[in-house]
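Peer 1: See entry31.txt below, with compact mmCIF, C-alpha atoms.
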# COMPACT_ATOMS: atom_id res chain seq x y z
CA MET A 107 121.84 87.20 140.10
CA SER A 108 118.88 85.80 138.30
CA THR A 109 115.47 87.27 139.03
CA THR A 110 112.30 85.33 138.38
CA ILE A 111 108.63 86.04 138.82
CA SER A 112 107.18 84.91 142.11
CA ASN A 113 103.95 82.88 142.14
CA ALA A 114 104.30 82.53 138.39
CA LEU A 115 101.37 81.00 136.55
CA PRO A 116 102.08 77.88 134.49
CA ASP A 117 103.10 78.49 130.91
CA ILE A 118 100.38 78.49 128.29
CA PRO A 119 100.48 75.18 126.40
CA ARG A 120 101.96 75.84 122.98
CA ILE A 121 99.27 73.75 121.36
CA TYR A 122 96.69 76.30 122.60
CA THR A 123 98.60 79.15 120.94
CA ALA A 124 98.85 77.17 117.69
CA LEU A 125 95.12 76.39 117.68
CA ALA A 126 94.27 80.01 118.43
CA GLN A 127 96.42 81.28 115.56
CA TRP A 128 94.97 78.73 113.17
CA GLY A 129 91.43 79.58 114.28
CA ALA A 130 92.07 83.30 113.72
CA CYS A 131 93.25 82.48 110.18
CA MET A 132 90.06 80.51 109.55
CA LEU A 133 88.00 83.47 110.76
CA PHE A 134 89.51 85.73 108.08
CA LEU A 135 89.43 82.94 105.51
CA PHE A 136 85.62 82.82 105.71
CA LEU A 137 85.37 86.61 105.43
CA LEU A 138 87.54 86.99 102.33
CA PRO A 139 86.94 85.73 98.77
CA ARG A 140 88.46 82.27 98.59
CA ARG A 141 90.95 81.05 96.02
CA LEU A 142 90.45 77.39 97.00
CA ARG A 143 87.21 75.53 97.56
CA GLY A 144 85.97 72.11 98.60
CA VAL A 145 88.55 69.39 99.11
CA LYS A 146 91.48 71.67 98.22
CA LEU A 147 90.43 74.20 100.87
CA ALA A 148 90.01 71.48 103.51
CA ALA A 149 93.42 70.00 102.67
CA ALA A 150 95.12 73.39 102.81
CA GLY A 151 93.46 74.17 106.15
CA ALA A 152 94.50 70.82 107.62
CA ALA A 153 98.07 71.28 106.41
CA ALA A 154 98.19 74.77 107.94
CA LEU A 155 96.93 73.38 111.26
CA VAL A 156 99.57 70.64 111.37
CA LEU A 157 102.42 73.00 110.46
CA GLN A 158 101.25 75.63 112.96
CA CYS A 159 101.11 73.05 115.77
CA LEU A 160 104.53 71.59 114.93
CA LEU A 161 106.14 75.02 114.76
CA LEU A 162 104.68 76.22 118.07
CA MET A 163 105.49 72.96 119.83
CA LEU A 164 109.15 73.52 118.99
CA THR A 165 109.13 76.78 120.99
CA GLY A 166 108.25 74.93 124.22
CA SER A 167 111.85 73.93 124.99
CA ILE A 168 113.49 77.14 123.75
CA ARG A 169 115.07 79.24 126.51
CA VAL A 170 116.97 81.61 124.22
CA TYR A 171 114.91 84.78 123.84
CA TYR A 172 116.04 85.57 120.31
CA LEU A 173 115.26 82.07 119.05
CA TRP A 174 111.83 82.26 120.62
CA ILE A 175 111.19 85.54 118.79
CA LEU A 176 112.38 83.93 115.56
CA PHE A 177 110.00 81.00 115.91
CA MET A 178 107.04 83.27 116.76
CA SER A 179 107.85 85.35 113.67
CA ALA A 180 107.85 82.15 111.61
CA ALA A 181 104.42 81.27 113.03
CA ALA A 182 103.11 84.68 111.97
CA GLY A 183 104.67 84.18 108.53
CA LEU A 184 102.88 80.84 108.22
CA MET A 185 99.59 82.65 108.89
CA VAL A 186 100.36 85.07 106.04
CA LEU A 187 101.11 82.16 103.70
CA CYS A 188 97.90 80.37 104.70
CA LEU A 189 95.69 83.39 103.97
CA PHE A 190 97.41 84.19 100.68
CA SER A 191 97.24 80.57 99.48
CA CYS A 192 93.57 80.08 100.34
CA CYS A 193 92.15 83.54 99.56
CA ARG A 194 92.07 85.64 96.40
CA ILE A 195 93.96 88.58 97.91
CA SER A 196 97.31 90.30 97.47
CA TRP A 197 100.38 89.75 99.66
CA TRP A 198 99.80 93.13 101.32
CA GLU A 199 96.21 92.17 102.20
CA ALA A 200 97.32 88.75 103.47
CA PHE A 201 100.03 90.36 105.62
CA TYR A 202 97.62 92.94 107.06
CA CYS A 203 94.92 90.37 107.89
CA ALA A 204 97.50 87.97 109.37
CA LEU A 205 98.77 90.71 111.70
CA GLN A 206 95.26 91.32 112.95
CA ALA A 207 94.68 87.56 113.31
CA PHE A 208 97.97 87.20 115.24
CA VAL A 209 97.01 89.87 117.81
CA LEU A 210 93.52 88.38 118.10
CA ALA A 211 94.98 84.93 118.77
CA GLU A 212 97.35 86.33 121.42
CA PHE A 213 94.43 87.97 123.23
CA VAL A 214 92.21 84.88 123.12
CA THR A 215 94.98 82.61 124.37
CA SER A 216 96.04 84.94 127.18
CA LEU A 217 92.49 85.67 128.39
CA SER A 218 91.30 82.06 128.34
CA TRP A 219 94.42 80.80 130.16
CA GLN A 220 94.23 83.53 132.80
CA VAL A 221 90.56 82.75 133.50
CA TYR A 222 91.31 79.04 133.68
CA CYS A 223 94.22 79.51 136.08
CA PHE A 224 92.21 81.83 138.33
CA TYR A 225 89.15 79.58 138.65
CA PHE A 226 90.14 76.00 137.85
CA TYR A 227 93.90 75.38 137.94
CA ARG A 228 94.08 74.18 141.56
CA ASN A 229 91.44 71.53 140.96
CA LEU A 230 92.27 70.50 137.39
CA SER A 231 95.33 69.49 135.45
CA ALA A 232 96.70 71.61 132.62
CA ALA A 233 94.76 69.49 130.17
CA GLY A 234 91.57 70.51 131.91
CA GLY A 235 92.00 74.04 130.60
CA PHE A 236 91.19 72.97 127.03
CA PRO A 237 87.36 73.24 127.40
CA VAL A 238 87.76 76.76 128.85
CA PHE A 239 90.12 77.69 126.03
CA LEU A 240 87.81 76.25 123.39
CA LEU A 241 84.77 78.06 124.81
CA PHE A 242 86.57 81.43 124.83
CA CYS A 243 87.84 80.85 121.30
CA ILE A 244 84.36 80.13 119.97
CA LEU A 245 82.69 83.06 121.75
CA ILE A 246 85.34 85.69 121.00
CA TYR A 247 85.90 84.58 117.39
CA LEU A 248 82.16 84.59 116.69
CA PHE A 249 81.83 88.07 118.17
CA TYR A 250 84.84 89.37 116.24
CA TRP A 251 83.58 87.75 113.04
CA TRP A 252 80.26 89.53 113.54
CA MET A 253 82.03 92.88 113.93
CA LEU A 254 84.12 92.36 110.78
CA HIS A 255 81.27 90.85 108.78
CA HIS A 256 79.59 94.26 108.68
CA TRP A 257 82.45 95.50 106.49
CA HIS A 258 82.57 92.33 104.35
CA LYS A 259 78.85 91.67 103.93
CA ASP A 260 79.02 92.17 100.15
CA GLY A 261 82.36 90.38 99.72
CA THR A 262 84.33 93.61 99.68
CA VAL A 263 88.10 93.36 99.75
CA LEU A 264 90.00 96.47 100.80
CA GLU A 265 92.82 97.80 98.71
CA ILE A 266 95.52 97.45 101.36
CA HIS A 267 98.70 99.38 100.62
CA ALA A 268 102.21 99.28 102.08
CA LYS A 269 101.53 102.14 104.51
CA ASP A 270 98.54 100.24 105.98
CA VAL A 271 100.72 97.18 106.52
CA TRP A 272 103.42 99.25 108.23
CA VAL A 273 100.84 100.73 110.61
CA GLY A 274 99.49 97.25 111.38
CA LEU A 275 103.01 95.89 111.86
CA PHE A 276 103.87 98.70 114.29
CA ILE A 277 100.72 98.02 116.35
CA ALA A 278 101.31 94.26 116.38
CA LEU A 279 105.01 94.54 117.35
CA LEU A 280 104.28 97.12 120.05
CA THR A 281 101.49 94.95 121.47
CA PHE A 282 103.60 91.78 121.40
CA PHE A 283 106.65 93.47 122.96
CA VAL A 284 104.83 95.24 125.82
CA SER A 285 102.58 92.26 126.59
CA ASN A 286 105.65 90.01 126.97
CA ILE A 287 108.06 92.49 128.54
CA SER A 288 107.53 91.14 132.05
CA PHE A 289 108.83 87.75 130.93
CA ILE A 290 112.29 89.22 130.24
CA PRO A 291 113.66 88.23 133.72
CA ASN A 292 113.10 84.59 132.75
CA TYR A 293 115.61 85.04 129.91
CA PHE A 294 118.08 87.66 131.14
CA PRO A 295 119.96 87.72 134.51
CA PHE A 296 119.02 91.26 135.48
CA VAL A 297 116.06 93.25 136.73
CA THR A 298 114.23 95.67 134.44
CA PRO A 299 111.90 98.57 135.29
CA PHE A 300 109.06 96.41 134.00
CA THR A 301 109.70 93.41 136.26
CA MET A 302 106.62 92.48 138.29
CA GLY A 303 106.47 90.50 141.44
CA SER A 304 103.60 88.14 140.80
CA GLY A 305 102.41 85.89 138.05
CA GLU A 306 98.89 87.29 138.28
CA SER A 307 100.19 90.80 137.53
CA VAL A 308 102.15 89.55 134.53
CA ALA A 309 99.13 87.69 133.16
CA THR A 310 96.89 90.72 133.67
CA LEU A 311 99.35 93.03 131.92
CA ARG A 312 99.64 90.64 129.01
CA THR A 313 95.87 90.23 128.60
CA MET A 314 95.16 93.97 128.86
CA MET A 315 97.91 94.87 126.41
CA ASP A 316 96.67 92.26 123.93
CA LEU A 317 93.16 93.69 124.29
CA GLY A 318 94.47 97.22 123.72
CA GLY A 319 96.45 96.14 120.68
CA LEU A 320 93.43 94.33 119.23
CA ALA A 321 91.29 97.43 119.78
CA MET A 322 93.87 99.56 117.93
CA MET A 323 94.03 97.07 115.07
CA TYR A 324 90.25 97.02 114.78
CA ALA A 325 90.02 100.82 114.99
CA HIS A 326 92.57 101.19 112.20
CA TYR A 327 90.72 98.58 110.15
CA VAL A 328 87.37 100.38 110.60
CA MET A 329 88.98 103.70 109.66
CA ARG A 330 90.43 102.07 106.54
CA CYS A 331 87.02 100.59 105.68
CA GLU A 332 85.30 103.96 106.05
CA MET A 333 87.93 105.63 103.87
CA HIS A 334 87.47 102.87 101.28
CA ASP A 335 83.69 103.38 101.30
CA ARG A 336 84.05 107.14 100.86
CA GLU A 337 86.51 106.70 98.00
CA GLU A 338 84.26 104.10 96.36
CA LEU A 339 81.18 106.31 96.69
CA LYS A 340 83.08 109.24 95.22
CA ILE A 341 84.21 107.14 92.26
CA MET A 342 80.70 105.78 91.68
CA GLU A 343 79.26 109.28 91.77
CA GLY A 344 81.89 110.28 89.20
CA ILE A 345 80.89 107.32 87.01
CA LEU A 346 77.23 108.28 87.37
CA GLU A 347 77.94 111.86 86.33
CA SER A 348 80.15 110.66 83.46
CA GLN A 349 77.43 108.36 82.13
CA TYR A 350 74.90 111.18 82.31
CA GLN A 351 77.24 113.49 80.41
CA GLN A 352 77.74 110.78 77.80
CA TYR A 353 73.98 110.52 77.47
CA GLN A 354 73.68 114.28 76.94
CA GLN A 355 76.47 114.25 74.36
CA SER A 356 74.91 111.29 72.56
CA LYS A 357 71.56 113.04 72.56
CA GLU A 358 73.03 116.16 70.95
CA SER A 359 74.98 114.11 68.39
CA ILE A 360 71.92 112.10 67.41
CA GLU A 361 69.87 115.25 66.98
CA LEU A 362 72.50 116.55 64.56
CA VAL A 363 72.42 113.24 62.70
CA ASN A 364 68.64 113.45 62.46
CA TYR A 365 68.89 116.94 60.99
CA LYS A 366 71.39 115.64 58.46
CA TYR A 367 69.14 112.78 57.44
CA HIS A 368 66.22 115.18 57.14
CA ASP A 369 68.29 117.28 54.70
CA LEU A 370 69.22 114.19 52.74
CA LYS A 371 65.56 113.39 52.21
CA HIS A 372 65.06 116.71 50.45
CA GLN A 373 68.20 116.15 48.38
CA ILE A 374 66.89 112.79 47.23
CA GLU A 375 63.62 114.35 46.18
CA LEU A 376 65.47 116.91 44.06
CA LEU A 377 67.58 114.21 42.45
CA ARG A 378 64.48 112.24 41.51
CA MET A 379 63.19 115.15 39.46
CA GLU A 380 66.16 114.99 37.09
CA PRO A 381 66.38 112.41 34.25
CA ASP A 382 68.70 109.72 35.58
CA PRO A 383 69.46 106.15 34.56
CA GLN A 384 67.68 103.23 36.18
CA LYS A 385 70.69 102.31 38.28
CA ARG A 386 70.69 105.72 39.88
CA GLU A 387 67.03 105.31 40.69
CA GLU A 388 67.79 102.02 42.41
CA TYR A 389 70.66 103.65 44.29
CA LEU A 390 68.43 106.44 45.51
CA ALA A 391 65.76 103.98 46.51
CA GLY A 392 68.34 102.15 48.58
CA MET A 393 69.36 105.37 50.32
CA GLU A 394 65.76 106.11 51.15
CA GLU A 395 65.29 102.63 52.57
CA GLU A 396 68.31 103.11 54.83
CA ILE A 397 66.87 106.37 56.07
CA ARG A 398 63.57 104.68 56.88
CA GLN A 399 65.43 101.97 58.80
CA PHE A 400 67.30 104.60 60.77
CA ASP A 401 64.05 106.37 61.64
CA ALA A 402 62.52 103.13 62.84
CA GLN A 403 65.41 101.83 64.98
CA ASN A 404 65.70 102.26 68.76
CA LYS A 405 62.15 103.52 69.19
CA THR A 406 61.49 101.83 72.52
CA GLY A 407 59.24 104.40 74.14
CA ASN A 408 61.94 105.84 76.42
CA LYS A 409 64.13 108.65 75.13
CA VAL A 410 67.04 107.87 77.45
CA LEU A 411 67.12 104.23 76.34
CA ASP A 412 66.78 105.25 72.66
CA THR A 413 69.65 107.71 72.91
CA ILE A 414 72.02 105.36 74.73
CA LEU A 415 71.24 102.42 72.42
CA THR A 416 71.84 104.54 69.34
CA GLY A 417 75.12 105.89 70.68
CA LYS A 418 76.37 102.44 71.70
CA SER A 419 75.22 101.00 68.36
CA ILE A 420 77.59 103.36 66.56
CA ILE A 421 80.46 102.08 68.71
CA CYS A 422 79.42 98.47 68.08
CA GLN A 423 79.39 99.02 64.31
CA LYS A 424 82.91 100.36 64.51
CA TYR A 425 84.19 97.19 66.21
CA GLN A 426 81.94 94.72 64.33
CA ILE A 427 79.83 93.93 67.40
CA VAL A 428 76.22 92.86 66.88
CA LEU A 429 73.94 94.60 69.38
CA ASN A 430 70.37 93.26 69.57
CA CYS A 431 67.76 94.83 71.80
CA VAL A 432 64.19 93.83 72.64
CA ALA A 433 62.89 96.38 75.12
CA ASP A 434 59.72 98.01 76.31
CA GLY A 435 61.10 101.43 77.17
CA THR A 436 57.84 102.60 78.74
CA LEU A 437 58.62 100.37 81.74
CA LEU A 438 61.59 102.62 82.55
CA ASN A 439 59.72 105.91 82.68
CA PHE A 440 59.48 105.89 86.49
CA MET A 441 63.29 105.94 86.85
CA ASP A 442 65.42 109.07 87.19
CA VAL A 443 67.31 110.06 84.03
CA MET A 444 70.73 109.97 85.73
CA ASP A 445 70.03 106.61 87.38
CA LEU A 446 68.85 105.06 84.13
CA SER A 447 71.77 106.43 82.11
CA SER A 448 74.18 105.07 84.75
CA ILE A 449 72.70 101.56 84.67
CA LEU A 450 72.42 101.33 80.89
CA GLY A 451 75.73 103.06 80.19
CA ASN A 452 77.79 100.95 82.60
CA ALA A 453 76.16 97.67 81.58
CA LEU A 454 76.69 98.27 77.86
CA ASP A 455 80.19 99.70 78.33
CA ASN A 456 81.26 96.56 80.24
CA ALA A 457 79.79 94.30 77.54
CA ILE A 458 81.36 96.27 74.67
CA GLU A 459 84.75 96.38 76.42
CA TYR A 460 84.78 92.58 76.71
CA GLU A 461 83.50 91.88 73.18
CA MET A 462 86.25 94.06 71.72
CA LYS A 463 88.72 91.45 73.00
CA ILE A 464 87.03 88.54 71.18
CA GLU A 465 89.21 87.64 68.21
CA ASP A 466 86.43 86.17 66.05
CA PRO A 467 84.12 89.02 64.89
CA GLU A 468 81.23 86.58 64.40
CA LYS A 469 81.23 85.87 68.15
CA ARG A 470 81.02 89.53 69.17
CA LEU A 471 77.39 89.47 70.28
CA ILE A 472 75.42 91.52 72.81
CA HIS A 473 71.75 90.95 73.67
CA VAL A 474 69.64 93.39 75.70
CA ALA A 475 66.16 92.59 76.96
CA ILE A 476 63.92 94.81 79.10
CA PHE A 477 60.52 93.48 80.12
CA ALA A 478 58.13 93.04 83.04
CA GLN A 479 57.40 89.75 84.80
CA LYS A 480 55.36 89.14 87.94
CA ASN A 481 55.33 92.81 88.92
CA PHE A 482 59.11 93.11 88.48
CA LEU A 483 61.06 95.13 85.96
CA ILE A 484 63.76 92.90 84.49
CA MET A 485 66.78 94.23 82.60
CA ARG A 486 69.01 91.54 81.15
CA PHE A 487 72.34 92.25 79.45
CA GLU A 488 74.09 89.29 77.82
CA ASN A 489 77.34 89.10 75.91
CA TYR A 490 79.35 86.23 74.49
CA PHE A 491 81.93 85.06 77.03
CA GLU A 492 85.01 82.84 76.80
CA GLY A 493 86.81 81.29 79.75
CA GLU A 494 85.78 81.01 83.41
CA LEU A 495 84.22 83.66 85.61
CA ASN A 496 86.19 84.39 88.79
CA MET A 497 84.56 86.67 91.32
CA ASN A 498 86.37 89.20 93.49
CA GLY A 499 83.76 89.76 96.15
CA ASP A 500 80.57 90.59 94.26
CA VAL A 501 82.25 91.74 91.02
CA PRO A 502 84.05 89.75 88.30
CA ALA A 503 87.80 89.56 88.90
CA THR A 504 89.95 91.48 86.45
CA THR A 505 92.74 89.99 84.37
CA LYS A 506 94.27 93.43 83.75
CA GLU A 507 97.37 94.46 85.66
CA GLU A 508 96.82 98.20 85.23
CA ASN A 509 94.32 100.12 87.36
CA LYS A 510 93.30 97.11 89.40
CA GLY A 511 92.21 99.40 92.20
CA PHE A 512 89.54 100.92 89.98
CA HIS A 513 88.24 97.64 88.58
CA GLY A 514 84.61 96.66 89.14
CA TYR A 515 83.26 100.12 89.86
CA GLY A 516 80.92 99.88 86.84
CA ILE A 517 79.02 96.98 88.37
CA LYS A 518 79.35 98.48 91.85
CA SER A 519 77.79 101.67 90.51
CA ILE A 520 74.95 99.61 89.02
CA ARG A 521 74.37 97.86 92.35
CA HIS A 522 74.44 101.18 94.18
CA THR A 523 71.85 102.69 91.81
CA VAL A 524 69.58 99.63 91.69
CA LYS A 525 69.58 99.48 95.50
CA LYS A 526 67.86 102.90 95.55
CA TYR A 527 64.85 101.27 93.89
CA GLY A 528 64.81 98.24 96.18
CA GLY A 529 66.17 96.01 93.42
CA ALA A 530 68.86 93.35 93.09
CA VAL A 531 71.68 92.58 90.67
CA ASN A 532 72.90 89.11 89.70
CA VAL A 533 75.98 88.17 87.67
CA ALA A 534 76.44 84.71 86.14
CA VAL A 535 77.93 82.78 83.21
CA LYS A 536 76.11 79.98 81.38
CA ASP A 537 76.93 78.29 78.10
CA HIS A 538 79.48 80.92 77.03
CA TRP A 539 77.14 83.81 77.86
CA PHE A 540 77.86 86.39 80.53
CA GLU A 541 74.59 87.62 82.04
CA LEU A 542 73.98 90.77 84.08
CA LYS A 543 70.44 90.58 85.39
CA ILE A 544 68.66 93.42 87.20
CA LEU A 545 65.35 93.02 89.04
CA ILE A 546 63.46 96.08 90.32
CA PRO A 547 60.00 96.05 91.94
CA MET A 548 57.63 97.86 89.61
CA GLY A 549 56.70 101.39 90.61
CA GLU A 550 58.84 101.50 93.76
CA LYS A 551 61.33 104.33 94.00
CA GLU A 552 63.25 105.68 96.95
Before we go any further, please render this structure as structure tokens.
Peer 2:
Amino acid sequence: MSTTISNALPDIPRIYTALAQWGACMLFLFLLPRRLRGVKLAAAGAAALVLQCLLLMLTGSIRVYYLWILFMSAAAGLMVLCLFSCCRISWWEAFYCALQAFVLAEFVTSLSWQVYCFYFYRNLSAAGGFPVFLLFCILIYLFYWWMLHHWHKDGTVLEIHAKDVWVGLFIALLTFFVSNISFIPNYFPFVTPFTMGSGESVATLRTMMDLGGLAMMYAHYVMRCEMHDREELKIMEGILESQYQQYQQSKESIELVNYKYHDLKHQIELLRMEPDPQKREEYLAGMEEEIRQFDAQNKTGNKVLDTILTGKSIICQKYQIVLNCVADGTLLNFMDVMDLSSILGNALDNAIEYEMKIEDPEKRLIHVAIFAQKNFLIMRFENYFEGELNMNGDVPATTKEENKGFHGYGIKSIRHTVKKYGGAVNVAVKDHWFELKILIPMGEKE
């Protein structure tokens, strides 16, 4: 004997579900770094909307439960494909965001249709529910975007792993199954312990379960964001400490080199006292000139800057990189030693690492300028750049396959340190030059 739900509410139009799923995808699309822009993005979004509507419309006439599940799974898969195609994220990240978008769309559709049926259905046709649906979509999506925007305000993309996706998949499947369990009597000729007697009860169960599932998805997402922030802060603190240790080691090494050069001066004086040919005199004069040049270089007025520049200059000489610096080091004296060594060390390390990949040695160029302008301290690091700059959030995207999870922490560490002084960091490419520009209000320190 077949059992059906009494006083059942009318089915939710499939076009509403399709629009809700597409809208949830667009919400995440504008939070994540985009792979497509302009006309290409608009075309991809329109194609996703058409396909989503066509796929969901096909489920309207399906009365076989398993086929209906198959088509809903295909709709979720289309959301994954849309996010991956339009955003610069991995498949795992696209899958995880699509699961959250799917549960969000289920909640919006269920809530808006239940409210419409309760207040307006007797006086309006099914088509009259569209304004109610649209209003709920806009309000809920804007609110949810605001909650997620807090964790994406600097373009951050989480490193989503397989275990995070499995947790999200479990929450989404559990939510979808329990929220639709009361519809089983419509597909199977027997009563279940979850069969309810009224359409209002079924709709309420579905809406509340979708809300609970969305809350669990958001809670897991926030927990993952907080863990990501803690891991990132720990790594940046490690980079800061590493740069400071490098500064101390460079300082000790340079002191030893200075002692050596001081000894060489005395040796040259002794050699001059002996009768030597004219060529030897010229050779010794050349040595003395080199010593004077060494004494004069990297005397900027700030010991930290002098030490780091000298240490990095040795590395640049090894790899045939020309490092030019015009700096007033006295402008940096208000900054903490560890903060300054972190900024300078990370900026120069990033520039040197890239220049080492340039095949033509004559193009391996790095320019450093530190000066004051309109009551701002400006630090500008430029290096020759080939190709196009792609950004992953607020850091340049890596082309390396190894250690992708640790990429960009040099610039993130710089941003973190500069923020302590109320400053800002800008990254840009112009005319084959990569520029890292730092602006800090003069004399302000937190």
Peer 1: If we count all atoms listed in the file, what is near Leu162 in chain A at a cut-off of 9 Å, once residues fewer than 3 positions away on the same chain are taken out, given as a PyMOL selection string?
Peer 2: chain A and resi 120-121+123-124+157-159+165-166+177-178+181
Peer 1: Could you check how far CA of Tyr425 in chain A sits from CA of Ser448 in chain A, in Å to one decimal?
Peer 2: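 Spanning CA of Tyr425 in chain A to CA of Ser448 in chain A is a straight-line distance of 22.5 Å.
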Peer 1: Using only C-alpha atoms, pick whichever of A:Glu541, A:Glu212, A:Asp445, A:Glu265 has the shortest atom-to-atom distance to Asp316 in chain A.
Peer 2: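 Among the listed residues, the smallest separation from Asp316 in chain A belongs to A:Glu212.
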Peer 1: State, in Å with one decimal place, the distance from CA of Arg486 in chain A to CA of Lys424 in chain A.
Peer 2: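 So the answer is 23.4 Å.
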Peer 1: Please indicate the distance in Å from CA of Met548 in chain A to CA of Thr523 in chain A, rounded to one decimal place.
Peer 2: 15.2 Å
Peer 1: Counting all atoms listed in the file, which residue out of A:Gln206, A:Ile421, A:Glu459, A:Cys243 sits closest to Ala325 in chain A?
Peer 2: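 Ranked by minimum distance to Ala325 in chain A, first place goes to A:Gln206.
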Peer 1: Given the point (106.1, 92.5, 121.8) in the coordinates of this file, which residues lie within 12 Å, counting all atoms listed in the file, and how would they look as an NGL selection string?
Peer 2: :A and (171 or 174-175 or 178-179 or 208-209 or 212 or 275-290 or 312 or 315-316 or 319)
Peer 1: Rank A:Ala182, A:Ala207, A:Leu164, A:Ala453 by their smallest atom-to-atom distance to Met132 in chain A, using all atoms listed in the file, and report the top residue only.
Peer 2: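 Among the listed residues, the smallest separation from Met132 in chain A belongs to A:Ala207.
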Peer 1: Between A:Ile464, A:Ile414, A:Val221, A:Leu125, which has the minimum distance to Leu160 in chain A (counting only C-alpha atoms)?
Peer 2: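 Going through A:Ile464, A:Ile414, A:Val221, A:Leu125 one by one, the smallest distance to Leu160 in chain A is for A:Leu125.
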Peer 1: I'd like to know which of A:Met444, A:Leu137, A:Cys193, A:Leu205 is closest to His256 in chain A, using all atoms listed in the file.
Peer 2: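 The answer is A:Leu137, which sits nearest to His256 in chain A.
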Peer 1: Which is closest to Asn430 in chain A among A:Asn489, A:Asn408, A:Thr413, A:Gln220, if we use all atoms listed in the file?
Peer 2: A:Asn489
Peer 1: What's the 10 Å shell around range 525-531 of chain A, counting only C-alpha atoms, without same-chain residues fewer than 3 positions away, as JSON, numbers by chain?
Peer 2: {"A": [441, 445, 482, 483, 484, 485, 486, 500, 517, 518, 519, 520, 521, 522, 542, 543, 544, 545, 546, 547, 548, 549, 550, 551, 552]}
Peer 1: May I have the centre and edge lengths, in Å to one decimal, of an axis-aligned box around the listed atoms of range 418-422 of chain A with 4 Å added to every side, as lines of an AutoDock Vina configuration file?
Peer 2:
center_x = 77.8
center_y = 100.9
center_z = 69.1
size_x = 13.2
size_y = 12.9
size_z = 13.1
